[in-house]
file model38.pdb (PDB, C-alpha atoms)
ATOM      1  CA  MET A  23       0.000   0.000   0.000  1.00  0.00           C
ATOM      2  CA  THR A  24       1.471   3.332  -1.053  1.00  0.00           C
ATOM      3  CA  HIS A  25       1.800   6.393   1.175  1.00  0.00           C
ATOM      4  CA  ASP A  26      -1.355   8.023  -0.157  1.00  0.00           C
ATOM      5  CA  ALA A  27      -3.285   4.777  -0.520  1.00  0.00           C
ATOM      6  CA  VAL A  28      -6.858   4.585   0.679  1.00  0.00           C
ATOM      7  CA  GLN A  29      -9.215   1.760   1.510  1.00  0.00           C
ATOM      8  CA  ILE A  30     -11.828   0.476  -0.907  1.00  0.00           C
ATOM      9  CA  LEU A  31     -14.563  -1.867   0.291  1.00  0.00           C
ATOM     10  CA  VAL A  32     -15.762  -4.513  -2.174  1.00  0.00           C
ATOM     11  CA  VAL A  33     -18.970  -6.333  -1.253  1.00  0.00           C
ATOM     12  CA  ASP A  34     -20.167  -9.410  -3.155  1.00  0.00           C
ATOM     13  CA  ASP A  35     -21.549 -12.755  -2.029  1.00  0.00           C
ATOM     14  CA  HIS A  36     -19.660 -14.633  -4.784  1.00  0.00           C
ATOM     15  CA  ARG A  37     -16.057 -15.353  -3.837  1.00  0.00           C
ATOM     16  CA  GLU A  38     -14.933 -15.415  -7.494  1.00  0.00           C
ATOM     17  CA  ASN A  39     -16.244 -11.856  -7.979  1.00  0.00           C
ATOM     18  CA  LEU A  40     -14.377 -10.659  -4.887  1.00  0.00           C
ATOM     19  CA  VAL A  41     -11.155 -12.269  -6.109  1.00  0.00           C
ATOM     20  CA  ALA A  42     -11.586 -10.799  -9.608  1.00  0.00           C
ATOM     21  CA  LEU A  43     -12.270  -7.285  -8.342  1.00  0.00           C
ATOM     22  CA  GLU A  44      -9.391  -7.478  -5.871  1.00  0.00           C
ATOM     23  CA  ALA A  45      -7.036  -8.545  -8.693  1.00  0.00           C
ATOM     24  CA  LEU A  46      -8.328  -5.730 -10.904  1.00  0.00           C
ATOM     25  CA  LEU A  47      -7.930  -3.046  -8.222  1.00  0.00           C
ATOM     26  CA  ALA A  48      -4.706  -4.266  -6.565  1.00  0.00           C
ATOM     27  CA  PRO A  49      -2.385  -2.551  -9.083  1.00  0.00           C
ATOM     28  CA  LEU A  50      -3.824   0.824  -7.997  1.00  0.00           C
ATOM     29  CA  GLY A  51      -1.953   0.388  -4.699  1.00  0.00           C
ATOM     30  CA  HIS A  52      -4.907   0.765  -2.341  1.00  0.00           C
ATOM     31  CA  ARG A  53      -5.969  -1.505   0.476  1.00  0.00           C
ATOM     32  CA  ILE A  54      -8.871  -3.606  -0.766  1.00  0.00           C
ATOM     33  CA  LEU A  55     -11.267  -4.734   1.962  1.00  0.00           C
ATOM     34  CA  LEU A  56     -13.471  -7.679   1.029  1.00  0.00           C
ATOM     35  CA  ALA A  57     -16.896  -8.525   2.416  1.00  0.00           C
ATOM     36  CA  ASP A  58     -18.937 -11.537   1.315  1.00  0.00           C
ATOM     37  CA  SER A  59     -22.220 -10.195   2.708  1.00  0.00           C
ATOM     38  CA  GLY A  60     -24.008  -7.008   3.620  1.00  0.00           C
ATOM     39  CA  ARG A  61     -23.584  -7.746   7.309  1.00  0.00           C
ATOM     40  CA  ALA A  62     -19.840  -8.286   6.885  1.00  0.00           C
ATOM     41  CA  ALA A  63     -19.617  -4.951   5.016  1.00  0.00           C
ATOM     42  CA  LEU A  64     -21.435  -3.122   7.802  1.00  0.00           C
ATOM     43  CA  LYS A  65     -19.066  -4.624  10.391  1.00  0.00           C
ATOM     44  CA  ILE A  66     -16.050  -3.448   8.396  1.00  0.00           C
ATOM     45  CA  LEU A  67     -17.487   0.074   8.153  1.00  0.00           C
ATOM     46  CA  LEU A  68     -17.756   0.225  11.939  1.00  0.00           C
ATOM     47  CA  GLU A  69     -13.979  -0.147  12.181  1.00  0.00           C
ATOM     48  CA  GLU A  70     -12.518   1.234   8.963  1.00  0.00           C
ATOM     49  CA  GLU A  71     -12.687   4.450   6.952  1.00  0.00           C
ATOM     50  CA  VAL A  72     -13.145   3.731   3.269  1.00  0.00           C
ATOM     51  CA  ALA A  73     -12.919   6.017   0.265  1.00  0.00           C
ATOM     52  CA  LEU A  74     -15.335   4.021  -1.877  1.00  0.00           C
ATOM     53  CA  ILE A  75     -17.697   1.062  -1.696  1.00  0.00           C
ATOM     54  CA  LEU A  76     -18.269  -1.284  -4.621  1.00  0.00           C
ATOM     55  CA  LEU A  77     -21.509  -3.026  -3.716  1.00  0.00           C
ATOM     56  CA  ASP A  78     -23.236  -5.977  -5.365  1.00  0.00           C
ATOM     57  CA  VAL A  79     -26.995  -5.552  -5.633  1.00  0.00           C
ATOM     58  CA  SER A  80     -28.117  -9.192  -5.384  1.00  0.00           C
ATOM     59  CA  MET A  81     -27.043 -10.831  -2.140  1.00  0.00           C
ATOM     60  CA  PRO A  82     -28.926 -13.415  -0.099  1.00  0.00           C
ATOM     61  CA  ASP A  83     -28.826 -12.031   3.459  1.00  0.00           C
ATOM     62  CA  VAL A  84     -29.384  -8.314   2.911  1.00  0.00           C
ATOM     63  CA  ASP A  85     -29.503  -6.981  -0.653  1.00  0.00           C
ATOM     64  CA  GLY A  86     -27.343  -4.108  -1.815  1.00  0.00           C
ATOM     65  CA  TYR A  87     -30.168  -1.584  -1.644  1.00  0.00           C
ATOM     66  CA  GLU A  88     -30.787  -2.353   2.026  1.00  0.00           C
ATOM     67  CA  VAL A  89     -27.062  -2.259   2.766  1.00  0.00           C
ATOM     68  CA  ALA A  90     -26.804   1.153   1.075  1.00  0.00           C
ATOM     69  CA  GLU A  91     -29.727   2.468   3.147  1.00  0.00           C
ATOM     70  CA  LEU A  92     -28.068   1.229   6.350  1.00  0.00           C
ATOM     71  CA  ILE A  93     -24.743   2.774   5.315  1.00  0.00           C
ATOM     72  CA  ARG A  94     -26.413   6.146   4.667  1.00  0.00           C
ATOM     73  CA  MET A  95     -28.029   6.064   8.140  1.00  0.00           C
ATOM     74  CA  ARG A  96     -24.589   6.097   9.788  1.00  0.00           C
ATOM     75  CA  PRO A  97     -23.175   9.649   9.969  1.00  0.00           C
ATOM     76  CA  ALA A  98     -19.578   8.495   9.425  1.00  0.00           C
ATOM     77  CA  ASN A  99     -20.528   6.891   6.098  1.00  0.00           C
ATOM     78  CA  ARG A 100     -23.323   9.193   4.965  1.00  0.00           C
ATOM     79  CA  ASP A 101     -21.142  10.642   2.193  1.00  0.00           C
ATOM     80  CA  THR A 102     -19.075   7.571   1.307  1.00  0.00           C
ATOM     81  CA  PRO A 103     -19.562   6.972  -2.419  1.00  0.00           C
ATOM     82  CA  ILE A 104     -21.263   3.701  -3.352  1.00  0.00           C
ATOM     83  CA  ILE A 105     -21.036   2.188  -6.817  1.00  0.00           C
ATOM     84  CA  PHE A 106     -23.535  -0.606  -7.375  1.00  0.00           C
ATOM     85  CA  LEU A 107     -22.366  -3.562  -9.429  1.00  0.00           C
ATOM     86  CA  THR A 108     -24.934  -6.020 -10.731  1.00  0.00           C
ATOM     87  CA  ALA A 109     -25.354  -8.938 -13.070  1.00  0.00           C
ATOM     88  CA  ASN A 110     -29.107  -8.240 -13.189  1.00  0.00           C
ATOM     89  CA  SER A 111     -30.464  -7.213 -16.570  1.00  0.00           C
ATOM     90  CA  PRO A 112     -30.393  -3.459 -17.073  1.00  0.00           C
ATOM     91  CA  SER A 113     -33.571  -1.720 -15.999  1.00  0.00           C
ATOM     92  CA  ALA A 114     -34.332   1.932 -15.424  1.00  0.00           C
ATOM     93  CA  ALA A 115     -36.311   1.060 -12.282  1.00  0.00           C
ATOM     94  CA  ALA A 116     -33.349  -0.786 -10.734  1.00  0.00           C
ATOM     95  CA  VAL A 117     -30.969   2.043 -11.590  1.00  0.00           C
ATOM     96  CA  PHE A 118     -33.389   4.611 -10.144  1.00  0.00           C
ATOM     97  CA  LYS A 119     -33.736   2.532  -6.984  1.00  0.00           C
ATOM     98  CA  GLY A 120     -29.936   2.417  -6.682  1.00  0.00           C
ATOM     99  CA  TYR A 121     -29.636   6.173  -6.956  1.00  0.00           C
ATOM    100  CA  SER A 122     -32.555   6.696  -4.583  1.00  0.00           C
ATOM    101  CA  VAL A 123     -30.761   4.778  -1.802  1.00  0.00           C
ATOM    102  CA  GLY A 124     -27.558   6.743  -2.241  1.00  0.00           C
ATOM    103  CA  ALA A 125     -25.516   5.226  -5.050  1.00  0.00           C
ATOM    104  CA  VAL A 126     -23.262   7.524  -7.044  1.00  0.00           C
ATOM    105  CA  ASP A 127     -23.134   5.076  -9.951  1.00  0.00           C
ATOM    106  CA  TYR A 128     -24.648   1.835 -11.183  1.00  0.00           C
ATOM    107  CA  ILE A 129     -22.545  -0.540 -13.300  1.00  0.00           C
ATOM    108  CA  PHE A 130     -23.764  -3.689 -15.025  1.00  0.00           C
ATOM    109  CA  LYS A 131     -21.641  -6.828 -15.224  1.00  0.00           C
ATOM    110  CA  PRO A 132     -19.591  -7.795 -17.069  1.00  0.00           C
ATOM    111  CA  VAL A 133     -17.707  -4.734 -15.919  1.00  0.00           C
ATOM    112  CA  SER A 134     -15.461  -2.816 -18.290  1.00  0.00           C
ATOM    113  CA  GLU A 135     -12.136  -2.870 -16.439  1.00  0.00           C
ATOM    114  CA  GLU A 136     -11.021   0.480 -17.867  1.00  0.00           C
ATOM    115  CA  ILE A 137     -14.264   2.221 -16.921  1.00  0.00           C
ATOM    116  CA  LEU A 138     -14.298   0.760 -13.401  1.00  0.00           C
ATOM    117  CA  ILE A 139     -10.666   1.729 -12.789  1.00  0.00           C
ATOM    118  CA  SER A 140     -11.351   5.223 -14.126  1.00  0.00           C
ATOM    119  CA  LYS A 141     -14.347   5.646 -11.809  1.00  0.00           C
ATOM    120  CA  VAL A 142     -12.424   4.279  -8.818  1.00  0.00           C
ATOM    121  CA  ASN A 143      -9.590   6.722  -9.526  1.00  0.00           C
ATOM    122  CA  ILE A 144     -12.029   9.638  -9.703  1.00  0.00           C
ATOM    123  CA  PHE A 145     -13.638   8.793  -6.356  1.00  0.00           C
ATOM    124  CA  VAL A 146     -10.288   8.147  -4.689  1.00  0.00           C
ATOM    125  CA  ASP A 147      -9.097  11.542  -5.913  1.00  0.00           C
ATOM    126  CA  LEU A 148     -12.250  13.202  -4.552  1.00  0.00           C
ATOM    127  CA  PHE A 149     -11.713  11.429  -1.211  1.00  0.00           C
ATOM    128  CA  ARG A 150      -8.124  12.666  -1.015  1.00  0.00           C
ATOM    129  CA  ARG A 151      -9.131  16.226  -1.900  1.00  0.00           C
ATOM    130  CA  SER A 152     -11.896  16.154   0.682  1.00  0.00           C
ATOM    131  CA  ARG A 153      -9.480  14.952   3.362  1.00  0.00           C
ATOM    132  CA  ALA A 154      -6.952  17.627   2.380  1.00  0.00           C
ATOM    133  CA  LEU A 155      -9.655  20.303   2.709  1.00  0.00           C
ATOM    134  CA  LEU A 156     -10.625  18.935   6.126  1.00  0.00           C
ATOM    135  CA  ARG A 157      -6.981  19.082   7.246  1.00  0.00           C
ATOM    136  CA  LYS A 158      -6.656  22.668   5.983  1.00  0.00           C
ATOM    137  CA  ALA A 159      -9.897  23.684   7.694  1.00  0.00           C
ATOM    138  CA  GLU A 160      -8.666  22.168  10.953  1.00  0.00           C
ATOM    139  CA  ALA A 161      -5.315  23.952  10.621  1.00  0.00           C
ATOM    140  CA  LEU A 162      -7.176  27.238  10.045  1.00  0.00           C
ATOM    141  CA  ARG A 163      -9.387  26.616  13.100  1.00  0.00           C
ATOM    142  CA  GLN A 164      -6.309  25.901  15.184  1.00  0.00           C
ATOM    143  CA  ALA A 165      -4.476  28.986  13.887  1.00  0.00           C
ATOM    144  CA  HIS A 166      -7.550  31.112  14.589  1.00  0.00           C
ATOM    145  CA  ALA A 167      -7.801  29.738  18.136  1.00  0.00           C
ATOM    146  CA  GLU A 168      -4.089  30.444  18.742  1.00  0.00           C
ATOM    147  CA  LEU A 169      -4.422  33.970  17.363  1.00  0.00           C
ATOM    148  CA  ASP A 170      -7.527  34.556  19.471  1.00  0.00           C
ATOM    149  CA  ALA A 171      -5.647  33.401  22.591  1.00  0.00           C
ATOM    150  CA  ARG A 172      -2.716  35.701  21.764  1.00  0.00           C
ATOM    151  CA  VAL A 173      -5.076  38.658  21.257  1.00  0.00           C
ATOM    152  CA  ARG A 174      -6.787  37.956  24.608  1.00  0.00           C
ATOM    153  CA  GLU A 175      -3.404  37.658  26.339  1.00  0.00           C
ATOM    154  CA  ARG A 176      -2.110  40.890  24.771  1.00  0.00           C
ATOM    155  CA  THR A 177      -5.372  42.696  25.599  1.00  0.00           C
ATOM    156  CA  GLU A 178      -5.012  41.599  29.217  1.00  0.00           C
ATOM    157  CA  GLN A 179      -1.395  42.810  29.271  1.00  0.00           C
ATOM    158  CA  LEU A 180      -2.453  46.182  27.833  1.00  0.00           C
ATOM    159  CA  ALA A 181      -5.283  46.473  30.371  1.00  0.00           C
ATOM    160  CA  GLN A 182      -2.845  45.750  33.219  1.00  0.00           C
ATOM    161  CA  GLY A 183      -0.368  48.287  31.806  1.00  0.00           C
ATOM    162  CA  ASN A 184      -3.162  50.840  31.511  1.00  0.00           C
ATOM    163  CA  GLU A 185      -4.140  50.283  35.154  1.00  0.00           C
ATOM    164  CA  ARG A 186      -0.507  50.754  36.228  1.00  0.00           C
ATOM    165  CA  LEU A 187      -0.313  54.010  34.275  1.00  0.00           C
ATOM    166  CA  LYS A 188      -3.559  55.264  35.830  1.00  0.00           C
ATOM    167  CA  THR A 189      -2.228  54.453  39.281  1.00  0.00           C
ATOM    168  CA  GLU A 190       1.040  56.208  38.473  1.00  0.00           C
ATOM    169  CA  VAL A 191      -0.799  59.304  37.194  1.00  0.00           C
ATOM    170  CA  VAL A 192      -2.903  59.447  40.371  1.00  0.00           C
ATOM    171  CA  GLN A 193       0.208  59.100  42.549  1.00  0.00           C
ATOM    172  CA  ARG A 194       2.032  61.850  40.628  1.00  0.00           C
ATOM    173  CA  ARG A 195      -0.922  64.199  40.966  1.00  0.00           C
ATOM    174  CA  ARG A 196      -0.938  63.612  44.736  1.00  0.00           C
ATOM    175  CA  ALA A 197       2.755  64.240  44.905  1.00  0.00           C
TER     176      ALA A 197
END

call {"tool": "encode", "arguments": {"input": "model38.pdb", "output": "structure tokens"}}
result
Amino acid sequence: MTHDAVQILVVDDHRENLVALEALLAPLGHRILLADSGRAALKILLEEEVALILLDVSMPDVDGYEVAELIRMRPANRDTPIIFLTANSPSAAAVFKGYSVGAVDYIFKPVSEEILISKVNIFVDLFRRSRALLRKAEALRQAHAELDARVRERTEQLAQGNERLKTEVVQRRRA
């Protein structure tokens, strides 16, 4: 895994699909997390931060739509991009349902390797940019807090100096 590698969660109930997607994505240098069920995916998301989820629609325990709805209910994963992958025949209703539960894309199998890699790269780049913005925002908040503390400290010093001068003026007038 490279220095700027991220984690990608792949969810499919067919082992051969998991192995194929892992082999396809491995050259990108990211950590590929595999889940063979919706429940296993949800457990992983409780412990790991992922940049992208590739989610099979048709699974026996909990289907992909339900998994996506559960993922969206969790604040930490509300904005995690989900790409649905399915071997089901293309249908506008299925695609609409995918988007309605929070998918950012819907890809039919067999998957074009070039298109999938391109889409993964786009979402990984967006994840990295988002994290960089969060780091910059935090650095700005911290710098603002430090500046605010310095201004309060300097204001207090000036107020104390002002009080000393007032006292000195009063004493000189008495003298």

call {"tool": "residues_around", "arguments": {"input": "model38.pdb", "residues": "Gly120 (chain A)", "least_positions_apart": "5", "cutoff": "7 Å", "atoms": "all atoms listed in the file", "output": "ChimeraX atom specification"}}
result
/A:87,125,128

call {"tool": "resolve_selection", "arguments": {"input": "model38.pdb", "expression": "the PyMOL selection byres ((chain A and resi 42-57) around 8)", "output": "ChimeraX atom specification"}}
result
/A:23-24,27-35,38-41,58-60,62-63,66,135,139

call {"tool": "axis_aligned_box", "arguments": {"input": "model38.pdb", "around": "region 131-138 of chain A", "padding_each_side": "6 Å", "output": "AutoDock Vina command-line options"}}
result
--center_x -16.3 --center_y -2.8 --center_z -15.8 --size_x 22.6 --size_y 22.0 --size_z 16.9

call {"tool": "residues_near_point", "arguments": {"input": "model38.pdb", "point": "(-33.3, 0.8, -11.4)", "cutoff": "12 Å", "atoms": "all atoms listed in the file", "output": "ChimeraX atom specification"}}
result
/A:79,87,106-108,110-123,125,127-130

call {"tool": "atom_distance", "arguments": {"input": "model38.pdb", "atom1": "CA of Phe149 (chain A)", "atom2": "CA of Leu76 (chain A)"}}
result
14.7 Å

call {"tool": "atom_distance", "arguments": {"input": "model38.pdb", "atom1": "CA of Ala90 (chain A)", "atom2": "CA of Ala154 (chain A)"}}
result
25.8 Å

call {"tool": "atom_distance", "arguments": {"input": "model38.pdb", "atom1": "CA of Leu67 (chain A)", "atom2": "CA of Gly86 (chain A)"}}
result
14.6 Å

call {"tool": "residues_around", "arguments": {"input": "model38.pdb", "residues": "Thr102 (chain A)", "least_positions_apart": "5", "cutoff": "12 Å", "atoms": "all atoms listed in the file", "output": "PyMOL selection string"}}
result
chain A and resi 29-31+67+70-77+90-91+93-97+124-126+145-146+148-149+152

call {"tool": "decode", "arguments": {"input": "model38.pdb", "residues": "region 165-179 of chain A", "atoms": "all heavy atoms", "output": "PDB file, in the first residue's frame"}}
result
ATOM      1  N   ALA A 165      -5.191  27.708  13.989  1.00  0.00           N
ATOM      2  CA  ALA A 165      -4.476  28.986  13.887  1.00  0.00           C
ATOM      3  C   ALA A 165      -5.351  30.124  14.413  1.00  0.00           C
ATOM      4  O   ALA A 165      -4.865  31.022  15.117  1.00  0.00           O
ATOM      5  CB  ALA A 165      -4.071  29.254  12.439  1.00  0.00           C
ATOM      6  N   HIS A 166      -6.621  30.083  14.102  1.00  0.00           N
ATOM      7  CA  HIS A 166      -7.550  31.112  14.589  1.00  0.00           C
ATOM      8  C   HIS A 166      -7.633  31.076  16.115  1.00  0.00           C
ATOM      9  O   HIS A 166      -7.612  32.120  16.771  1.00  0.00           O
ATOM     10  CB  HIS A 166      -8.932  30.911  13.971  1.00  0.00           C
ATOM     11  CG  HIS A 166      -9.910  31.965  14.368  1.00  0.00           C
ATOM     12  ND1 HIS A 166     -10.729  31.832  15.456  1.00  0.00           N
ATOM     13  CD2 HIS A 166     -10.181  33.176  13.828  1.00  0.00           C
ATOM     14  CE1 HIS A 166     -11.469  32.917  15.573  1.00  0.00           C
ATOM     15  NE2 HIS A 166     -11.162  33.746  14.595  1.00  0.00           N
ATOM     16  N   ALA A 167      -7.723  29.877  16.676  1.00  0.00           N
ATOM     17  CA  ALA A 167      -7.801  29.738  18.136  1.00  0.00           C
ATOM     18  C   ALA A 167      -6.522  30.260  18.790  1.00  0.00           C
ATOM     19  O   ALA A 167      -6.573  30.955  19.818  1.00  0.00           O
ATOM     20  CB  ALA A 167      -8.049  28.282  18.521  1.00  0.00           C
ATOM     21  N   GLU A 168      -5.353  29.958  18.197  1.00  0.00           N
ATOM     22  CA  GLU A 168      -4.089  30.444  18.742  1.00  0.00           C
ATOM     23  C   GLU A 168      -4.009  31.966  18.652  1.00  0.00           C
ATOM     24  O   GLU A 168      -3.580  32.634  19.601  1.00  0.00           O
ATOM     25  CB  GLU A 168      -2.918  29.806  17.997  1.00  0.00           C
ATOM     26  CG  GLU A 168      -2.744  28.329  18.295  1.00  0.00           C
ATOM     27  CD  GLU A 168      -1.732  27.649  17.384  1.00  0.00           C
ATOM     28  OE1 GLU A 168      -1.054  28.343  16.584  1.00  0.00           O
ATOM     29  OE2 GLU A 168      -1.621  26.404  17.468  1.00  0.00           O
ATOM     30  N   LEU A 169      -4.431  32.521  17.532  1.00  0.00           N
ATOM     31  CA  LEU A 169      -4.422  33.970  17.363  1.00  0.00           C
ATOM     32  C   LEU A 169      -5.379  34.632  18.355  1.00  0.00           C
ATOM     33  O   LEU A 169      -5.031  35.639  18.986  1.00  0.00           O
ATOM     34  CB  LEU A 169      -4.815  34.336  15.928  1.00  0.00           C
ATOM     35  CG  LEU A 169      -4.770  35.811  15.557  1.00  0.00           C
ATOM     36  CD1 LEU A 169      -3.371  36.388  15.771  1.00  0.00           C
ATOM     37  CD2 LEU A 169      -5.215  36.013  14.128  1.00  0.00           C
ATOM     38  N   ASP A 170      -6.541  34.044  18.520  1.00  0.00           N
ATOM     39  CA  ASP A 170      -7.527  34.556  19.471  1.00  0.00           C
ATOM     40  C   ASP A 170      -6.947  34.556  20.893  1.00  0.00           C
ATOM     41  O   ASP A 170      -7.093  35.535  21.631  1.00  0.00           O
ATOM     42  CB  ASP A 170      -8.797  33.706  19.403  1.00  0.00           C
ATOM     43  CG  ASP A 170      -9.999  34.394  19.987  1.00  0.00           C
ATOM     44  OD1 ASP A 170     -10.118  35.625  19.828  1.00  0.00           O
ATOM     45  OD2 ASP A 170     -10.825  33.684  20.608  1.00  0.00           O
ATOM     46  N   ALA A 171      -6.255  33.485  21.256  1.00  0.00           N
ATOM     47  CA  ALA A 171      -5.647  33.401  22.591  1.00  0.00           C
ATOM     48  C   ALA A 171      -4.568  34.469  22.754  1.00  0.00           C
ATOM     49  O   ALA A 171      -4.471  35.111  23.815  1.00  0.00           O
ATOM     50  CB  ALA A 171      -5.067  32.011  22.812  1.00  0.00           C
ATOM     51  N   ARG A 172      -3.763  34.683  21.688  1.00  0.00           N
ATOM     52  CA  ARG A 172      -2.716  35.701  21.764  1.00  0.00           C
ATOM     53  C   ARG A 172      -3.318  37.100  21.888  1.00  0.00           C
ATOM     54  O   ARG A 172      -2.804  37.934  22.635  1.00  0.00           O
ATOM     55  CB  ARG A 172      -1.792  35.613  20.557  1.00  0.00           C
ATOM     56  CG  ARG A 172      -0.885  34.391  20.651  1.00  0.00           C
ATOM     57  CD  ARG A 172       0.134  34.199  19.555  1.00  0.00           C
ATOM     58  NE  ARG A 172       0.441  35.292  18.680  1.00  0.00           N
ATOM     59  CZ  ARG A 172       0.737  35.135  17.386  1.00  0.00           C
ATOM     60  NH1 ARG A 172       0.746  33.926  16.860  1.00  0.00           N
ATOM     61  NH2 ARG A 172       1.048  36.170  16.639  1.00  0.00           N
ATOM     62  N   VAL A 173      -4.413  37.346  21.168  1.00  0.00           N
ATOM     63  CA  VAL A 173      -5.076  38.658  21.257  1.00  0.00           C
ATOM     64  C   VAL A 173      -5.629  38.865  22.663  1.00  0.00           C
ATOM     65  O   VAL A 173      -5.471  39.947  23.250  1.00  0.00           O
ATOM     66  CB  VAL A 173      -6.188  38.780  20.187  1.00  0.00           C
ATOM     67  CG1 VAL A 173      -7.107  39.960  20.470  1.00  0.00           C
ATOM     68  CG2 VAL A 173      -5.576  38.901  18.792  1.00  0.00           C
ATOM     69  N   ARG A 174      -6.264  37.833  23.241  1.00  0.00           N
ATOM     70  CA  ARG A 174      -6.787  37.956  24.608  1.00  0.00           C
ATOM     71  C   ARG A 174      -5.657  38.219  25.598  1.00  0.00           C
ATOM     72  O   ARG A 174      -5.777  39.064  26.488  1.00  0.00           O
ATOM     73  CB  ARG A 174      -7.560  36.677  25.006  1.00  0.00           C
ATOM     74  CG  ARG A 174      -8.979  36.632  24.485  1.00  0.00           C
ATOM     75  CD  ARG A 174      -9.797  35.535  25.150  1.00  0.00           C
ATOM     76  NE  ARG A 174      -9.176  34.226  25.123  1.00  0.00           N
ATOM     77  CZ  ARG A 174      -9.311  33.350  24.129  1.00  0.00           C
ATOM     78  NH1 ARG A 174     -10.051  33.637  23.094  1.00  0.00           N
ATOM     79  NH2 ARG A 174      -8.714  32.178  24.194  1.00  0.00           N
ATOM     80  N   GLU A 175      -4.554  37.490  25.443  1.00  0.00           N
ATOM     81  CA  GLU A 175      -3.404  37.658  26.339  1.00  0.00           C
ATOM     82  C   GLU A 175      -2.831  39.071  26.210  1.00  0.00           C
ATOM     83  O   GLU A 175      -2.562  39.735  27.215  1.00  0.00           O
ATOM     84  CB  GLU A 175      -2.326  36.619  25.990  1.00  0.00           C
ATOM     85  CG  GLU A 175      -1.089  36.692  26.841  1.00  0.00           C
ATOM     86  CD  GLU A 175      -0.036  35.691  26.394  1.00  0.00           C
ATOM     87  OE1 GLU A 175      -0.411  34.546  26.043  1.00  0.00           O
ATOM     88  OE2 GLU A 175       1.155  36.058  26.398  1.00  0.00           O
ATOM     89  N   ARG A 176      -2.669  39.550  24.989  1.00  0.00           N
ATOM     90  CA  ARG A 176      -2.110  40.890  24.771  1.00  0.00           C
ATOM     91  C   ARG A 176      -3.073  41.967  25.295  1.00  0.00           C
ATOM     92  O   ARG A 176      -2.633  42.963  25.879  1.00  0.00           O
ATOM     93  CB  ARG A 176      -1.827  41.095  23.278  1.00  0.00           C
ATOM     94  CG  ARG A 176      -1.127  42.380  22.985  1.00  0.00           C
ATOM     95  CD  ARG A 176       0.284  42.376  23.576  1.00  0.00           C
ATOM     96  NE  ARG A 176       0.920  43.653  23.270  1.00  0.00           N
ATOM     97  CZ  ARG A 176       1.573  44.380  24.145  1.00  0.00           C
ATOM     98  NH1 ARG A 176       1.715  43.960  25.389  1.00  0.00           N
ATOM     99  NH2 ARG A 176       2.118  45.509  23.791  1.00  0.00           N
ATOM    100  N   THR A 177      -4.375  41.744  25.093  1.00  0.00           N
ATOM    101  CA  THR A 177      -5.372  42.696  25.599  1.00  0.00           C
ATOM    102  C   THR A 177      -5.299  42.768  27.114  1.00  0.00           C
ATOM    103  O   THR A 177      -5.350  43.857  27.702  1.00  0.00           O
ATOM    104  CB  THR A 177      -6.793  42.282  25.146  1.00  0.00           C
ATOM    105  OG1 THR A 177      -6.824  42.252  23.715  1.00  0.00           O
ATOM    106  CG2 THR A 177      -7.851  43.236  25.654  1.00  0.00           C
ATOM    107  N   GLU A 178      -5.138  41.641  27.755  1.00  0.00           N
ATOM    108  CA  GLU A 178      -5.012  41.599  29.217  1.00  0.00           C
ATOM    109  C   GLU A 178      -3.745  42.340  29.658  1.00  0.00           C
ATOM    110  O   GLU A 178      -3.774  43.112  30.616  1.00  0.00           O
ATOM    111  CB  GLU A 178      -4.989  40.150  29.706  1.00  0.00           C
ATOM    112  CG  GLU A 178      -4.854  39.980  31.202  1.00  0.00           C
ATOM    113  CD  GLU A 178      -6.032  40.560  31.986  1.00  0.00           C
ATOM    114  OE1 GLU A 178      -7.153  40.586  31.457  1.00  0.00           O
ATOM    115  OE2 GLU A 178      -5.801  41.011  33.127  1.00  0.00           O
ATOM    116  N   GLN A 179      -2.640  42.110  28.939  1.00  0.00           N
ATOM    117  CA  GLN A 179      -1.395  42.810  29.271  1.00  0.00           C
ATOM    118  C   GLN A 179      -1.565  44.324  29.120  1.00  0.00           C
ATOM    119  O   GLN A 179      -1.106  45.095  29.971  1.00  0.00           O
ATOM    120  CB  GLN A 179      -0.261  42.327  28.365  1.00  0.00           C
ATOM    121  CG  GLN A 179       0.201  40.921  28.633  1.00  0.00           C
ATOM    122  CD  GLN A 179       1.178  40.440  27.556  1.00  0.00           C
ATOM    123  OE1 GLN A 179       1.360  41.087  26.521  1.00  0.00           O
ATOM    124  NE2 GLN A 179       1.805  39.293  27.817  1.00  0.00           N
TER     125      GLN A 179
END
